[in-house]
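With compact mmCIF, C-alpha atoms and all ligand atoms inside, this is run11.txt:
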```txt
# COMPACT_ATOMS: atom_id res chain seq x y z
CA MET A 1 -21.92 4.23 -6.74
CA ASP A 2 -23.19 6.60 -9.49
CA ILE A 3 -22.71 9.61 -7.23
CA VAL A 4 -19.05 8.72 -6.74
CA THR A 5 -16.83 11.02 -8.80
CA ASN A 6 -13.58 11.02 -6.82
CA VAL A 7 -11.62 9.16 -4.16
CA GLU A 8 -13.06 11.31 -1.36
CA ASP A 9 -16.55 10.14 -2.37
CA LEU A 10 -15.37 6.52 -2.03
CA ARG A 11 -13.97 7.39 1.39
CA LYS A 12 -17.26 8.93 2.55
CA LEU A 13 -19.30 6.01 1.22
CA SER A 14 -17.02 3.45 2.89
CA ARG A 15 -17.49 5.30 6.19
CA LYS A 16 -21.26 4.78 5.90
CA LYS A 17 -20.87 1.08 5.16
CA LEU A 18 -18.27 -0.03 7.70
CA PRO A 19 -18.30 -0.50 11.48
CA LYS A 20 -16.63 2.55 13.04
CA SER A 21 -13.65 0.62 14.40
CA LEU A 22 -12.83 -0.80 10.95
CA PHE A 23 -13.20 2.56 9.21
CA ASP A 24 -10.99 4.26 11.80
CA TYR A 25 -8.37 1.50 11.52
CA MET A 26 -8.06 2.02 7.78
CA ASP A 27 -8.42 5.79 7.68
CA GLY A 28 -6.32 6.82 10.66
CA GLY A 29 -2.66 7.50 11.31
CA SER A 30 -0.35 7.49 14.30
CA TYR A 31 -0.30 10.08 17.12
CA ASN A 32 -1.29 13.60 15.88
CA GLU A 33 -1.65 12.41 12.28
CA LYS A 34 0.62 15.23 11.08
CA THR A 35 2.47 12.97 8.65
CA LEU A 36 -0.79 11.35 7.52
CA THR A 37 -2.24 14.79 6.73
CA GLU A 38 0.87 16.13 5.01
CA ASN A 39 1.27 13.01 2.84
CA SER A 40 -1.82 14.25 0.98
CA SER A 41 -1.70 18.02 1.50
CA ASP A 42 1.90 18.32 0.23
CA PHE A 43 0.76 17.20 -3.22
CA GLY A 44 -1.21 20.47 -3.24
CA GLU A 45 2.04 22.42 -2.90
CA LEU A 46 3.12 21.38 -6.39
CA TYR A 47 1.70 23.09 -9.49
CA PHE A 48 1.43 21.77 -13.03
CA LYS A 49 2.47 23.56 -16.20
CA GLN A 50 -0.45 23.99 -18.59
CA ARG A 51 0.57 23.49 -22.23
CA VAL A 52 -1.75 24.18 -25.16
CA MET A 53 -2.06 23.33 -28.84
CA VAL A 54 -0.25 20.01 -28.63
CA ASN A 55 -1.69 17.01 -30.49
CA VAL A 56 -2.17 14.46 -27.71
CA SER A 57 -4.86 12.34 -29.34
CA GLN A 58 -2.80 9.13 -28.87
CA LYS A 59 -1.95 8.63 -25.23
CA ASN A 60 0.03 5.98 -23.35
CA LEU A 61 -0.42 5.39 -19.64
CA GLY A 62 1.51 2.10 -19.59
CA ARG A 63 4.74 1.80 -17.66
CA SER A 64 7.22 -0.99 -17.06
CA LEU A 65 8.57 -1.93 -13.66
CA MET A 66 11.27 -4.50 -12.88
CA GLY A 67 11.10 -5.77 -16.45
CA ARG A 68 7.32 -6.19 -16.65
CA ASP A 69 4.83 -4.02 -18.56
CA TYR A 70 1.82 -2.69 -16.68
CA ALA A 71 -1.21 -0.86 -18.11
CA LEU A 72 -1.02 1.96 -15.57
CA PRO A 73 1.80 3.45 -13.48
CA PHE A 74 0.27 2.52 -10.14
CA GLY A 75 -0.54 -0.63 -8.18
CA ILE A 76 -1.99 -1.75 -4.86
CA ALA A 77 -0.02 -1.37 -1.62
CA PRO A 78 -0.08 -4.10 1.04
CA THR A 79 -2.77 -3.47 3.65
CA GLY A 80 -3.60 -5.80 6.49
CA LEU A 81 -7.17 -7.05 7.07
CA ALA A 82 -8.39 -6.23 3.54
CA GLY A 83 -10.63 -9.30 3.67
CA LEU A 84 -12.57 -7.72 6.54
CA TYR A 85 -13.61 -4.77 4.37
CA TYR A 86 -15.26 -7.02 1.84
CA PRO A 87 -15.69 -10.81 1.86
CA ASP A 88 -12.59 -12.48 0.39
CA GLY A 89 -11.36 -8.95 -0.33
CA GLU A 90 -7.82 -9.99 -1.28
CA ILE A 91 -9.07 -12.54 -3.84
CA VAL A 92 -11.48 -9.98 -5.30
CA ALA A 93 -8.69 -7.40 -5.52
CA LEU A 94 -6.21 -9.78 -7.16
CA LYS A 95 -8.76 -10.52 -9.90
CA ALA A 96 -9.34 -6.79 -10.41
CA ALA A 97 -5.58 -6.13 -10.54
CA ALA A 98 -5.16 -8.95 -13.06
CA ASP A 99 -7.92 -7.59 -15.31
CA TRP A 100 -6.50 -4.07 -15.11
CA ASN A 101 -2.91 -5.36 -15.46
CA ILE A 102 -1.52 -3.57 -12.42
CA PRO A 103 0.54 -4.98 -9.50
CA TYR A 104 -1.18 -6.34 -6.40
CA THR A 105 0.58 -6.76 -3.04
CA LEU A 106 -0.68 -9.20 -0.41
CA SER A 107 0.06 -8.26 3.21
CA THR A 108 1.57 -10.69 5.74
CA VAL A 109 -1.51 -9.96 7.87
CA SER A 110 -4.06 -10.54 5.15
CA ILE A 111 -7.29 -12.42 5.72
CA CYS A 112 -7.04 -14.71 2.67
CA SER A 113 -3.83 -16.72 2.59
CA MET A 114 -1.17 -16.58 -0.11
CA GLU A 115 -2.09 -20.13 -1.18
CA GLN A 116 -5.77 -19.16 -1.58
CA LEU A 117 -4.71 -16.25 -3.79
CA ALA A 118 -2.45 -18.43 -5.92
CA GLU A 119 -5.25 -20.97 -6.37
CA SER A 120 -7.83 -18.30 -7.20
CA ASN A 121 -5.89 -16.70 -10.04
CA PRO A 122 -2.69 -17.41 -11.99
CA TYR A 123 -1.84 -13.67 -12.12
CA PRO A 124 1.46 -13.26 -10.22
CA TYR A 125 1.22 -11.02 -7.20
CA TRP A 126 3.75 -9.53 -4.77
CA PHE A 127 3.96 -10.76 -1.19
CA GLN A 128 4.76 -8.29 1.62
CA LEU A 129 6.87 -9.64 4.48
CA TYR A 130 7.67 -8.40 7.98
CA ILE A 131 10.80 -9.77 9.64
CA MET A 132 9.35 -11.27 12.80
CA LYS A 133 11.12 -12.20 16.00
CA ASP A 134 10.39 -15.80 15.12
CA ARG A 135 12.92 -16.05 12.28
CA GLY A 136 11.90 -19.65 11.60
CA PHE A 137 8.33 -18.52 10.89
CA THR A 138 9.64 -15.63 8.79
CA GLU A 139 11.70 -18.07 6.72
CA MET A 140 8.68 -20.33 6.28
CA LEU A 141 6.64 -17.39 4.94
CA VAL A 142 9.39 -16.72 2.37
CA GLN A 143 9.28 -20.36 1.28
CA ARG A 144 5.49 -20.25 1.04
CA ALA A 145 5.69 -17.09 -1.11
CA GLN A 146 8.20 -18.88 -3.33
CA ALA A 147 5.87 -21.90 -3.63
CA ALA A 148 2.92 -19.57 -4.41
CA LYS A 149 5.06 -18.18 -7.26
CA CYS A 150 4.87 -14.59 -6.02
CA SER A 151 6.68 -12.40 -8.53
CA ALA A 152 8.26 -10.11 -5.92
CA LEU A 153 8.86 -9.97 -2.20
CA VAL A 154 8.11 -6.60 -0.61
CA LEU A 155 10.12 -6.41 2.59
CA THR A 156 8.67 -3.79 4.94
CA VAL A 157 11.44 -2.28 7.06
CA ASP A 158 9.66 0.54 8.93
CA LEU A 159 7.95 -1.53 11.61
CA PRO A 160 10.47 -2.50 14.31
CA THR A 161 7.67 -1.44 16.66
CA SER A 162 4.18 -0.10 16.11
CA GLY A 163 3.27 3.60 16.07
CA GLN A 164 0.29 4.27 18.33
CA ARG A 165 -3.04 5.06 16.72
CA HIS A 166 -5.24 6.72 19.34
CA LYS A 167 -8.52 5.89 17.63
CA ASP A 168 -7.72 2.16 17.50
CA LEU A 169 -6.95 2.14 21.22
CA LYS A 170 -10.11 4.08 22.05
CA ASN A 171 -12.19 1.81 19.83
CA GLY A 172 -10.64 -1.19 21.54
CA LEU A 173 -9.41 -2.35 18.18
CA SER A 174 -6.17 -4.19 18.06
CA VAL A 175 -4.60 -6.57 15.62
CA PRO A 176 -6.17 -9.09 15.57
CA LEU A 177 -9.64 -7.61 16.12
CA ARG A 178 -10.86 -7.44 19.72
CA MET A 179 -14.55 -6.71 19.93
CA THR A 180 -15.66 -4.47 22.83
CA ALA A 181 -19.33 -3.85 23.71
CA ALA A 182 -19.23 -0.53 21.79
CA ASN A 183 -17.74 -2.29 18.79
CA VAL A 184 -20.40 -4.97 18.86
CA LEU A 185 -23.18 -2.35 19.03
CA ASN A 186 -21.63 -0.36 16.22
CA THR A 187 -21.21 -3.48 14.13
CA LEU A 188 -24.85 -4.45 14.62
CA GLY A 189 -25.71 -1.02 13.17
CA LYS A 190 -24.08 -2.08 9.88
CA PRO A 191 -26.27 -5.04 8.85
CA GLY A 192 -25.16 -4.78 5.20
CA TRP A 193 -21.54 -5.36 6.17
CA LEU A 194 -22.52 -8.13 8.63
CA PHE A 195 -24.59 -9.90 5.99
CA GLN A 196 -21.76 -9.68 3.45
CA MET A 197 -19.20 -11.03 5.88
CA SER A 198 -21.48 -13.94 6.81
CA ARG A 199 -20.99 -15.17 3.23
CA THR A 200 -17.35 -16.11 3.77
CA ARG A 201 -15.47 -18.33 6.19
CA ASN A 202 -12.29 -16.26 5.73
CA ARG A 203 -12.33 -14.00 8.78
CA SER A 204 -8.98 -14.63 10.43
CA PHE A 205 -5.34 -14.24 9.40
CA GLY A 206 -4.86 -16.62 6.48
CA ASN A 207 -1.06 -16.56 6.51
CA LEU A 208 -0.80 -17.21 10.24
CA LYS A 209 -2.84 -20.43 10.37
CA GLU A 210 0.10 -22.39 11.79
CA ILE A 211 0.00 -20.21 14.88
CA LEU A 212 -3.76 -20.76 15.29
CA SER A 213 -3.33 -24.52 14.97
CA GLN A 214 -0.86 -24.68 17.89
CA PRO A 215 -2.07 -26.07 21.29
CA ASN A 216 -3.34 -22.73 22.74
CA GLY A 217 -3.91 -21.34 19.25
CA ASN A 218 -7.13 -19.39 19.78
CA MET A 219 -7.54 -15.73 18.82
CA THR A 220 -6.14 -14.59 22.18
CA GLY A 221 -3.07 -16.74 21.66
CA LEU A 222 -2.67 -15.28 18.17
CA ALA A 223 -3.02 -11.72 19.51
CA GLU A 224 -0.29 -12.39 22.05
CA TRP A 225 1.92 -14.00 19.42
CA CYS A 226 1.50 -11.01 17.03
CA ALA A 227 2.32 -8.52 19.80
CA SER A 228 5.47 -10.49 20.66
CA GLN A 229 6.75 -10.49 17.08
CA TYR A 230 7.91 -6.86 16.76
CA ASP A 231 11.69 -6.89 16.76
CA ASP A 232 13.63 -3.68 17.33
CA SER A 233 16.93 -5.53 16.92
CA ILE A 234 16.51 -5.98 13.16
CA ASP A 235 19.20 -4.41 10.99
CA TRP A 236 20.58 -4.51 7.44
CA ARG A 237 22.13 -7.96 8.06
CA ASP A 238 18.57 -9.30 8.33
CA VAL A 239 17.77 -7.74 4.97
CA GLU A 240 20.82 -9.49 3.49
CA TRP A 241 19.59 -12.74 5.05
CA ILE A 242 16.22 -12.30 3.29
CA ARG A 243 18.07 -11.44 0.06
CA ARG A 244 19.85 -14.80 0.25
CA LEU A 245 16.61 -16.69 1.00
CA TRP A 246 14.43 -15.08 -1.67
CA LYS A 247 15.30 -15.94 -5.25
CA GLY A 248 13.08 -13.40 -7.05
CA LYS A 249 12.73 -9.61 -7.20
CA LEU A 250 13.14 -7.89 -3.85
CA ILE A 251 11.49 -4.56 -3.02
CA ILE A 252 12.39 -2.74 0.20
CA LYS A 253 9.45 -0.74 1.53
CA GLY A 254 9.72 2.06 4.07
CA VAL A 255 12.74 4.06 2.90
CA LEU A 256 12.55 7.79 3.66
CA THR A 257 16.14 9.07 3.45
CA PRO A 258 18.90 9.01 0.80
CA GLU A 259 21.18 7.28 3.35
CA ASP A 260 18.80 4.36 3.80
CA ALA A 261 18.17 4.22 0.05
CA ARG A 262 21.92 3.64 -0.47
CA LYS A 263 21.93 0.92 2.20
CA ALA A 264 18.94 -0.71 0.53
CA ILE A 265 20.78 -0.74 -2.80
CA ASP A 266 23.86 -2.26 -1.11
CA SER A 267 21.69 -5.02 0.33
CA GLY A 268 20.88 -6.15 -3.20
CA CYS A 269 17.26 -5.05 -3.73
CA ASP A 270 15.64 -4.44 -7.12
CA ALA A 271 13.43 -1.53 -6.06
CA ILE A 272 12.57 0.58 -3.04
CA VAL A 273 9.29 2.03 -1.87
CA VAL A 274 9.61 5.57 -0.54
CA SER A 275 7.07 5.20 2.24
CA ASN A 276 6.24 6.26 5.79
CA HIS A 277 3.64 3.51 6.09
CA GLY A 278 0.90 5.94 5.16
CA GLY A 279 1.58 8.10 8.25
CA ARG A 280 0.93 5.16 10.57
CA GLN A 281 4.41 4.82 12.07
CA LEU A 282 6.73 7.77 12.90
CA ASP A 283 4.45 10.79 13.16
CA GLY A 284 6.32 14.04 12.46
CA VAL A 285 8.38 12.58 9.68
CA ARG A 286 8.19 14.32 6.29
CA SER A 287 5.62 13.43 3.66
CA THR A 288 6.72 10.98 1.00
CA ILE A 289 6.20 13.40 -1.94
CA SER A 290 8.44 15.99 -0.25
CA SER A 291 11.14 13.35 0.46
CA LEU A 292 11.01 11.67 -2.94
CA ASN A 293 13.29 13.76 -5.11
CA ARG A 294 16.30 13.70 -2.79
CA ILE A 295 16.00 9.93 -2.61
CA ALA A 296 15.52 9.48 -6.37
CA ARG A 297 18.68 11.52 -6.97
CA ALA A 298 20.68 9.46 -4.49
CA VAL A 299 19.41 6.25 -6.09
CA ASP A 300 20.42 7.59 -9.50
CA LYS A 301 18.54 4.84 -11.38
CA GLN A 302 20.53 1.99 -9.77
CA VAL A 303 17.20 0.51 -8.67
CA GLU A 304 13.61 1.52 -9.35
CA VAL A 305 11.84 3.93 -7.04
CA ILE A 306 8.21 3.44 -6.07
CA LEU A 307 6.25 6.00 -4.02
CA ASP A 308 3.30 5.50 -1.73
CA GLY A 309 1.53 7.75 0.76
CA GLY A 310 -1.21 10.30 0.26
CA ILE A 311 -2.06 9.60 -3.37
CA ARG A 312 -5.74 10.43 -3.78
CA SER A 313 -5.98 11.33 -7.47
CA GLY A 314 -4.51 10.76 -10.91
CA GLN A 315 -2.97 14.22 -10.57
CA ASP A 316 -1.04 12.98 -7.52
CA VAL A 317 0.29 10.05 -9.57
CA ILE A 318 1.53 12.48 -12.26
CA LYS A 319 3.22 14.66 -9.61
CA SER A 320 4.95 11.58 -8.13
CA LEU A 321 6.32 10.55 -11.52
CA ALA A 322 7.41 14.13 -12.17
CA MET A 323 9.36 14.24 -8.90
CA GLY A 324 11.27 11.06 -9.72
CA ALA A 325 9.12 8.02 -8.96
CA ASP A 326 9.12 5.16 -11.46
CA PHE A 327 5.84 3.84 -10.10
CA CYS A 328 3.23 4.45 -7.37
CA LEU A 329 1.16 2.41 -4.94
CA VAL A 330 -2.17 3.28 -3.33
CA GLY A 331 -3.19 1.96 0.12
CA ARG A 332 -6.29 3.54 1.62
CA PRO A 333 -7.98 4.36 -1.72
CA TYR A 334 -7.90 0.63 -2.47
CA LEU A 335 -9.61 -0.19 0.84
CA TYR A 336 -12.20 2.58 0.32
CA GLY A 337 -13.05 1.10 -3.08
CA LEU A 338 -13.16 -2.46 -1.76
CA ALA A 339 -15.41 -1.49 1.17
CA CYS A 340 -17.78 0.45 -1.11
CA GLY A 341 -18.58 -2.44 -3.39
CA GLY A 342 -15.89 -5.07 -3.86
CA ARG A 343 -15.05 -5.42 -7.54
CA ALA A 344 -17.38 -2.57 -8.58
CA GLY A 345 -15.70 -0.28 -6.05
CA LEU A 346 -12.24 -1.17 -7.32
CA ASP A 347 -13.27 -0.68 -10.94
CA LYS A 348 -14.61 2.71 -9.93
CA LEU A 349 -11.34 3.63 -8.19
CA PHE A 350 -9.11 2.60 -11.10
CA THR A 351 -11.41 4.35 -13.58
CA ILE A 352 -11.31 7.56 -11.54
CA LEU A 353 -7.50 7.54 -11.28
CA LYS A 354 -7.04 6.67 -14.96
CA ASN A 355 -9.49 9.34 -16.16
CA GLU A 356 -7.91 11.97 -13.92
CA MET A 357 -4.50 11.09 -15.33
CA GLU A 358 -5.70 11.16 -18.94
CA THR A 359 -7.51 14.48 -18.62
CA SER A 360 -4.62 16.15 -16.82
CA MET A 361 -2.12 14.82 -19.36
CA THR A 362 -4.26 16.21 -22.19
CA LEU A 363 -4.30 19.63 -20.56
CA MET A 364 -0.55 19.43 -19.92
CA GLY A 365 0.18 18.55 -23.55
CA LEU A 366 1.54 15.10 -22.57
CA LYS A 367 1.18 11.98 -24.70
CA ASP A 368 3.08 9.45 -22.67
CA VAL A 369 3.51 8.85 -18.94
CA ASN A 370 7.11 7.94 -19.71
CA ASP A 371 7.72 11.57 -20.76
CA ILE A 372 6.68 12.96 -17.38
CA ASP A 373 9.52 14.72 -15.57
CA MET A 374 10.19 17.81 -13.46
CA GLN A 375 9.68 20.03 -16.52
CA CYS A 376 5.96 19.26 -16.25
CA LEU A 377 5.78 21.10 -12.94
CA ASP A 378 5.78 24.84 -12.40
CA ASN A 379 7.58 24.71 -9.03
CA PRO A 380 9.41 21.37 -8.63
CA LEU A 381 12.02 23.11 -6.47
CA ARG A 382 9.41 23.29 -3.70
CA PHE A 383 10.51 19.73 -2.87
CA ALA A 384 13.83 19.44 -4.74
CA GLU A 385 17.24 21.00 -4.69
CA ASN A 386 18.65 22.84 -7.68
CA PRO A 387 19.99 20.40 -10.29
C1 LIG B 401 -5.29 -0.14 6.98
C2 LIG B 401 -3.86 -0.21 6.54
C3 LIG B 401 -3.15 -1.38 6.74
C4 LIG B 401 -1.81 -1.46 6.32
N1 LIG B 401 -1.16 -2.65 6.45
C5 LIG B 401 0.11 -2.77 5.98
C6 LIG B 401 0.77 -4.03 6.00
O1 LIG B 401 0.23 -5.03 6.44
N2 LIG B 401 2.04 -4.06 5.52
C7 LIG B 401 2.68 -2.96 5.01
O2 LIG B 401 3.83 -3.05 4.58
N3 LIG B 401 2.05 -1.77 4.96
C8 LIG B 401 0.79 -1.65 5.40
N4 LIG B 401 0.14 -0.46 5.30
C9 LIG B 401 0.82 0.69 4.66
C10 LIG B 401 0.54 0.68 3.15
O3 LIG B 401 1.20 -0.38 2.52
C11 LIG B 401 1.00 1.97 2.48
O4 LIG B 401 2.34 2.22 2.80
C12 LIG B 401 0.15 3.18 2.84
O5 LIG B 401 -1.20 2.82 2.99
C13 LIG B 401 0.27 4.23 1.74
O6 LIG B 401 -0.43 5.38 2.07
P1 LIG B 401 -1.93 5.70 1.55
O7 LIG B 401 -2.83 4.84 2.36
O8 LIG B 401 -2.07 7.14 1.84
O9 LIG B 401 -1.99 5.35 0.08
C14 LIG B 401 -1.18 -0.35 5.72
C15 LIG B 401 -1.92 0.83 5.53
C16 LIG B 401 -3.23 0.91 5.93
C17 LIG B 401 -4.00 2.17 5.68
```

Would you put the structure from the file into structure tokens?
Ligand SMILES: Cc1cc2nc3c(=O)[nH]c(=O)nc-3n(C[C@H](O)[C@H](O)[C@H](O)COP(=O)(O)O)c2cc1C
Amino acid sequence: MDIVTNVEDLRKLSRKKLPKSLFDYMDGGSYNEKTLTENSSDFGELYFKQRVMVNVSQKNLGRSLMGRDYALPFGIAPTGLAGLYYPDGEIVALKAAADWNIPYTLSTVSICSMEQLAESNPYPYWFQLYIMKDRGFTEMLVQRAQAAKCSALVLTVDLPTSGQRHKDLKNGLSVPLRMTAANVLNTLGKPGWLFQMSRTRNRSFGNLKEILSQPNGNMTGLAEWCASQYDDSIDWRDVEWIRRLWKGKLIIKGVLTPEDARKAIDSGCDAIVVSNHGGRQLDGVRSTISSLNRIARAVDKQVEVILDGGIRSGQDVIKSLAMGADFCLVGRPYLYGLACGGRAGLDKLFTILKNEMETSMTLMGLKDVNDIDMQCLDNPLRFAENP
């Protein structure tokens, strides 16, 4: 871990440690991966303003979101299967998030269940929900999240069907995992990962146990059930239904246009996540950083705006805040860190991002993340219209 100095190092190290199918599942995007690539490369289109001779010896990186103070302006995005990258990965990550005082989001398709997380740590986390065809099951998940005292529900709205990821198909990897001969061979070549995973009994979908306990509830039955749960009939009335069911803060994740941002506000949410699912859904759609400013202007501070997609450095976090985000989430970097060394890998990731932010802020003459705005960029109009 000593040789790790940036997120790309964590990525490379995680590639060495993981079975190929698992690495490809986390690292890849849909179809030609154009959106996946541009989510990151578009950050490179924005330039900072260097400011000198400013006393910035006292710095603040803390930021509040939905009425709660966090130590850093970023948190962890929901990612399925995190507990396959490291034993009890979601529990390990929640503890890390609690110690660093940043938000943690548990995916519907996590390995550890929401109850296990709540029992492991009193730190309140966010639960991410998909609206499934089985509305009764969807409603039960909302009730379970309420009972687990989740502090926010993150409703993902950009998955009425699944974008195709070529590598996953070629690797024979589906959700849930389906092991082909090549996968088994590749997995045997990663004894470190195999040994680690043998230490836990959590290897299936913790939140979907009810499905597994049904009469033909084996893994094949679960795979069929998951595949049958995409619902391309969902619309904003379903979001309003969830709004009525869920008593706490509601975050709508997967908004990429000002029009949908306005609809999300009308549905009664507290925040939106400008997201294209990390380039895993509609390939060919614009990057999140290039879409952000138009959306932030349309939202006009009526709700808070969170950005995810392509963030690979503290500099990217600063650029997101400058273009109008109130907060950021990281997806893949979290999984890279987890896969590299569990808690140590996550500490490394958060340290890297924090140090990169601090150093850049010093060189930009900035004392406080709350002062970051478009003035900090040399060319904000690259992805914004004239004020
Ligand atoms: C392996 C993987 C699994 C994901 N699983 C989910 C999920 O279960 N629910 C969800 O809302 N988003 C999911 N996402 C999308 C992330 O929440 C987030 O939008 C995306 O990863 C952000 O882009 P980044 O990875 O470039 O940071 C997943 C992303 C990845 C990479």

Given all atoms listed in the file, how would the per-residue table for chain A near ligand LIG 401 (chain B) read, listing every residue at most 6 Å away with its closest atom pair and distance in Å to one decimal, sorted by chain and number, as a Markdown table?
```
| residue | atom | partner | partner_atom | distance |
| --- | --- | --- | --- | --- |
| A:Tyr25 | CA | B:LIG401 | C1 | 5.7 |
| A:Met26 | CA | B:LIG401 | C1 | 3.6 |
| A:Ala77 | CA | B:LIG401 | O3 | 4.4 |
| A:Pro78 | CA | B:LIG401 | O3 | 4.2 |
| A:Thr79 | CA | B:LIG401 | N1 | 3.3 |
| A:Gly80 | CA | B:LIG401 | O1 | 3.9 |
| A:Ser107 | CA | B:LIG401 | O1 | 4.6 |
| A:Thr108 | CA | B:LIG401 | O1 | 5.9 |
| A:Val109 | CA | B:LIG401 | O1 | 5.4 |
| A:Thr156 | CA | B:LIG401 | O2 | 4.9 |
| A:Ser275 | CA | B:LIG401 | O4 | 5.6 |
| A:His277 | CA | B:LIG401 | O4 | 3.8 |
| A:Gly278 | CA | B:LIG401 | O6 | 3.4 |
| A:Asp308 | CA | B:LIG401 | C13 | 4.8 |
| A:Gly309 | CA | B:LIG401 | O6 | 3.3 |
| A:Gly310 | CA | B:LIG401 | O8 | 3.6 |
| A:Ile311 | CA | B:LIG401 | O9 | 5.5 |
| A:Val330 | CA | B:LIG401 | O9 | 4.0 |
| A:Gly331 | CA | B:LIG401 | O9 | 3.6 |
| A:Arg332 | CA | B:LIG401 | O7 | 3.8 |
```

- Have a look at CA of Val157 in chain A and CA of Ile131 in chain A and let me know their distance in Å, one decimal.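 If I compute the distance from CA of Val157 in chain A to CA of Ile131 in chain A, I get 7.9 Å.
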
Here CA of Ile318 in chain A and CA of Leu377 in chain A stand apart by 9.6 Å

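The shortest atom-to-atom distance to Pro103 in chain A, with all atoms listed in the file taken into account, belongs to A:Cys328 out of A:Leu212, A:Ala223, A:Cys328, A:Val56.
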
Residue with the minimum atom-to-atom distance to Ala97 in chain A, picked from A:Ile76, A:Ala148, A:Leu307, A:Ala298 with all atoms listed in the file counted, is A:Ile76

**Prompt:** Taking into account all atoms listed in the file, which residue in the set A:Leu22, A:Met361, A:Ala145, A:Leu338 is nearest to Gly172 in chain A?
**Reply:**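 Among the listed residues, the smallest separation from Gly172 in chain A belongs to A:Leu22.
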
| Nearby residues (all atoms listed in the file) at most 9 Å from range 81-88 of chain A, same-chain spacing under 5 positions excluded, as a list in words |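 Contacts, in chain order: Leu18, Leu22, Phe23, Ala93, Ser107, Val109, Ser110, Ile111, Cys112, Val175, Pro176, Trp193, Gln196, Met197, Ser198, Arg199, Thr200, Arg201, Asn202, Arg203, Ser204, Phe205, Leu335, Tyr336, Leu338, Ala339, Cys340, Gly341 and Gly342 of chain A.
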
Given 8 Å on each side, where is the centre and what are the edge lengths in Å to one decimal of the axis-aligned box enclosing the listed atoms of range 236-244 of chain A, as JSON?
```
{"center_x": 19.2, "center_y": -9.7, "center_z": 4.2, "size_x": 21.9, "size_y": 26.3, "size_z": 24.3}
```

Taking (1.5, 7.4, 18.2) in the file's own coordinates, collect the residues within 8 Å, counting only C-alpha atoms, and hand them back as a list in words.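 Residues close enough to count: Ser30, Tyr31, Asn32, Gly163, Gln164, Arg165, His166, Arg280, Gln281, Leu282 and Asp283 of chain A.
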
Between A:Glu358, A:Lys190, A:Asp134, A:Arg68, smallest distance to Ile211 in chain A by only C-alpha atoms belongs to A:Asp134
